[in-house]
Amino acid sequence: MAFALNTNPVTLSPIALFLQADIVVKLVMIGLLLASIWTWAIIIAATLKLGGVTRQGAAFERDFDRAEDIDGFYKQHSDNRLPIARVFAAGVGEWRRSTMGGVIDREGTRERLATAMSAAVASEIDALSDRLNILATVGAVAPFVGLFGTVWGIMRAFTGIAQAQSTSLAVVAPGIAEALFATAIGLFAAIPAVIAYNRFSHRINRIEARLNRFADSFHATLSRQLEVAGKR
């Protein structure tokens, strides 16, 4: 008989269901558990990182608004690795390269400043979004992997029915329970991944909008300095 009746309630505990499963379902469960652990590691790391970027970025922007000397502010924050600081550094770097000659092409300088800071914004957003594709992949694939384990477990339950020549619930219950447990683990991995992906995507979009606003504001400041330089 492939499946025997066991009235001990521990038999249907998660550990017992894992131990009773065959090798294919066990591999599915192990893979999904590893994916869940990886997902939570990414969620925790991304939460801390995005929270720090938001708080420290707001402080950097406040300090920039109060600064009276751009060169002095740049020297003070030249080693800052925040996304907003790198956008600022990209603007300052392009400004210095474009104005170091005797003749200043104001329109060309404005275009290069916009291009440099837009590229910096895109680069920083790419870096912040680096592992979101993993969350999207787990969220999309994990339920189907769990479903594969479910199908395999149900096939095994049908085999038990054939061998026992009985449709008694006592015969098929363990195999069905193992199959449904694989689906549950798949959902356990997928649901947090989908929620986190959507939440982090929203936060990164807000950070990108803030970086673009800062870049536009800094571009306007440098454009005014170009007008002043052109009148001299």
# chains A, B, ... in the order shown; residues from 1 in each chain; ligands from 1
>>> residues_around(residues="range 210-218 of chain A", least_positions_apart="4", cutoff="7 Å", atoms="only C-alpha atoms", output="list in words")
Ile84, Val87, Met117, Val121, Arg206 and Leu222 of chain A
>>> write_last_selection(atoms="N, CA, C and O atoms", output="PDB file, in the first residue's frame")
ATOM      1  N   ILE A  84      21.521  61.448  -4.900  1.00  0.00           N
ATOM      2  CA  ILE A  84      21.356  62.880  -5.154  1.00  0.00           C
ATOM      3  C   ILE A  84      22.696  63.586  -5.185  1.00  0.00           C
ATOM      4  O   ILE A  84      22.910  64.530  -5.957  1.00  0.00           O
ATOM      5  N   VAL A  87      24.258  62.925  -8.602  1.00  0.00           N
ATOM      6  CA  VAL A  87      23.651  63.784  -9.626  1.00  0.00           C
ATOM      7  C   VAL A  87      24.232  65.185  -9.535  1.00  0.00           C
ATOM      8  O   VAL A  87      24.562  65.812 -10.554  1.00  0.00           O
ATOM      9  N   MET A 117      23.280  65.229 -16.080  1.00  0.00           N
ATOM     10  CA  MET A 117      22.500  64.946 -14.873  1.00  0.00           C
ATOM     11  C   MET A 117      21.396  63.929 -15.148  1.00  0.00           C
ATOM     12  O   MET A 117      21.086  63.107 -14.280  1.00  0.00           O
ATOM     13  N   VAL A 121      20.967  60.453 -13.124  1.00  0.00           N
ATOM     14  CA  VAL A 121      19.711  60.001 -12.528  1.00  0.00           C
ATOM     15  C   VAL A 121      19.379  58.582 -12.988  1.00  0.00           C
ATOM     16  O   VAL A 121      19.039  57.711 -12.178  1.00  0.00           O
ATOM     17  N   ARG A 206       9.281  57.457  -6.797  1.00  0.00           N
ATOM     18  CA  ARG A 206       9.277  58.721  -6.051  1.00  0.00           C
ATOM     19  C   ARG A 206      10.692  59.278  -5.916  1.00  0.00           C
ATOM     20  O   ARG A 206      10.909  60.496  -6.025  1.00  0.00           O
ATOM     21  N   LEU A 222      22.515  76.814 -12.432  1.00  0.00           N
ATOM     22  CA  LEU A 222      23.698  76.956 -13.287  1.00  0.00           C
ATOM     23  C   LEU A 222      23.390  77.786 -14.529  1.00  0.00           C
ATOM     24  O   LEU A 222      24.257  78.511 -15.023  1.00  0.00           O
TER      25      LEU A 222
END
>>> atom_distance(atom1="CA of Pro83 in chain A", atom2="CA of Pro192 in chain A")
26.8 Å
>>> atom_distance(atom1="CA of Leu147 in chain A", atom2="CA of Thr183 in chain A")
5.5 Å
>>> closest_atom_pairs(of="range 43-98 of chain A", to="range 195-199 of chain A", cutoff="12 Å", atoms="only C-alpha atoms", output="JSON lines")
{"residue": "A:Ile43", "atom": "CA", "partner": "A:Ala196", "partner_atom": "CA", "distance": 6.6}
{"residue": "A:Ile44", "atom": "CA", "partner": "A:Ala196", "partner_atom": "CA", "distance": 9.9}
{"residue": "A:Ala45", "atom": "CA", "partner": "A:Ala196", "partner_atom": "CA", "distance": 11.6}
{"residue": "A:Ala46", "atom": "CA", "partner": "A:Ala196", "partner_atom": "CA", "distance": 9.3}
{"residue": "A:Thr47", "atom": "CA", "partner": "A:Ala196", "partner_atom": "CA", "distance": 9.2}
{"residue": "A:Leu50", "atom": "CA", "partner": "A:Arg199", "partner_atom": "CA", "distance": 11.0}
>>> write_last_selection(atoms="N, CA and C atoms", output="compact mmCIF listing (two decimals), in the first residue's frame")
# COMPACT_ATOMS: atom_id res chain seq x y z
N ILE A 43 14.12 41.96 0.54
CA ILE A 43 13.15 42.91 1.10
C ILE A 43 13.75 43.71 2.24
N ILE A 44 14.43 43.02 3.16
CA ILE A 44 15.03 43.71 4.30
C ILE A 44 16.11 44.67 3.84
N ALA A 45 17.00 44.20 2.95
CA ALA A 45 18.09 45.05 2.46
C ALA A 45 17.55 46.26 1.71
N ALA A 46 16.56 46.04 0.84
CA ALA A 46 16.00 47.15 0.06
C ALA A 46 15.26 48.14 0.94
N THR A 47 14.57 47.64 1.96
CA THR A 47 13.87 48.55 2.88
C THR A 47 14.85 49.48 3.58
N LEU A 50 16.54 51.92 0.76
CA LEU A 50 15.67 52.97 0.24
C LEU A 50 15.28 53.96 1.33
>>> residues_around(residues="Gly186 in chain A", least_positions_apart="2", cutoff="9 Å", atoms="only C-alpha atoms", output="mmCIF file with N, CA and C atoms, in the first residue's frame")
data_model
loop_
_atom_site.group_PDB
_atom_site.id
_atom_site.type_symbol
_atom_site.label_atom_id
_atom_site.label_comp_id
_atom_site.auth_asym_id
_atom_site.auth_seq_id
_atom_site.Cartn_x
_atom_site.Cartn_y
_atom_site.Cartn_z
ATOM 1 N N VAL A 28 11.015 20.519 -4.867
ATOM 2 C CA VAL A 28 10.178 21.700 -5.101
ATOM 3 C C VAL A 28 10.056 22.529 -3.831
ATOM 4 N N MET A 29 9.776 21.864 -2.724
ATOM 5 C CA MET A 29 9.621 22.580 -1.449
ATOM 6 C C MET A 29 10.920 23.281 -1.040
ATOM 7 N N LEU A 32 11.514 26.344 -3.189
ATOM 8 C CA LEU A 32 10.621 27.438 -2.831
ATOM 9 C C LEU A 32 11.003 28.067 -1.500
ATOM 10 N N LEU A 33 11.439 27.251 -0.558
ATOM 11 C CA LEU A 33 11.884 27.807 0.728
ATOM 12 C C LEU A 33 13.126 28.665 0.547
ATOM 13 N N SER A 36 12.063 31.868 -0.906
ATOM 14 C CA SER A 36 11.434 32.714 0.108
ATOM 15 C C SER A 36 12.473 33.399 0.988
ATOM 16 N N VAL A 141 6.935 33.223 -10.785
ATOM 17 C CA VAL A 141 7.254 31.816 -11.045
ATOM 18 C C VAL A 141 6.887 30.908 -9.870
ATOM 19 N N ALA A 142 7.035 31.390 -8.632
ATOM 20 C CA ALA A 142 6.847 30.531 -7.461
ATOM 21 C C ALA A 142 5.488 29.832 -7.439
ATOM 22 N N PRO A 143 4.372 30.513 -7.740
ATOM 23 C CA PRO A 143 3.092 29.774 -7.715
ATOM 24 C C PRO A 143 3.054 28.619 -8.703
ATOM 25 N N PHE A 144 3.683 28.781 -9.860
ATOM 26 C CA PHE A 144 3.677 27.710 -10.853
ATOM 27 C C PHE A 144 4.584 26.559 -10.436
ATOM 28 N N VAL A 145 5.690 26.884 -9.778
ATOM 29 C CA VAL A 145 6.548 25.826 -9.253
ATOM 30 C C VAL A 145 5.799 25.045 -8.178
ATOM 31 N N GLY A 146 5.108 25.779 -7.302
ATOM 32 C CA GLY A 146 4.289 25.102 -6.298
ATOM 33 C C GLY A 146 3.193 24.266 -6.925
ATOM 34 N N LEU A 147 2.610 24.787 -8.007
ATOM 35 C CA LEU A 147 1.569 24.028 -8.707
ATOM 36 C C LEU A 147 2.131 22.742 -9.310
ATOM 37 N N PHE A 181 0.486 21.326 0.289
ATOM 38 C CA PHE A 181 1.542 21.992 1.051
ATOM 39 C C PHE A 181 2.562 22.620 0.106
ATOM 40 N N ALA A 182 2.853 21.974 -1.012
ATOM 41 C CA ALA A 182 3.760 22.554 -2.002
ATOM 42 C C ALA A 182 3.183 23.846 -2.572
ATOM 43 N N THR A 183 1.866 23.857 -2.838
ATOM 44 C CA THR A 183 1.230 25.079 -3.324
ATOM 45 C C THR A 183 1.293 26.176 -2.277
ATOM 46 N N ALA A 184 1.079 25.806 -1.020
ATOM 47 C CA ALA A 184 1.116 26.798 0.053
ATOM 48 C C ALA A 184 2.498 27.439 0.162
ATOM 49 N N PHE A 188 3.523 31.270 -0.276
ATOM 50 C CA PHE A 188 4.275 31.913 0.804
ATOM 51 C C PHE A 188 5.483 32.664 0.262
ATOM 52 N N ALA A 189 6.088 32.124 -0.801
ATOM 53 C CA ALA A 189 7.215 32.810 -1.428
ATOM 54 C C ALA A 189 6.753 33.919 -2.359
ATOM 55 N N ALA A 190 5.644 33.698 -3.077
ATOM 56 C CA ALA A 190 5.242 34.633 -4.128
ATOM 57 C C ALA A 190 4.564 35.887 -3.587
ATOM 58 N N ILE A 191 3.690 35.745 -2.594
ATOM 59 C CA ILE A 191 2.900 36.894 -2.139
ATOM 60 C C ILE A 191 3.779 38.020 -1.587
#
>>> atom_distance(atom1="CA of Ile161 in chain A", atom2="CA of Val24 in chain A")
19.3 Å
>>> closest_residue(among="A:Arg131, A:His219, A:Arg224, A:Arg203", to="Val92 in chain A", atoms="only C-alpha atoms")
A:His219
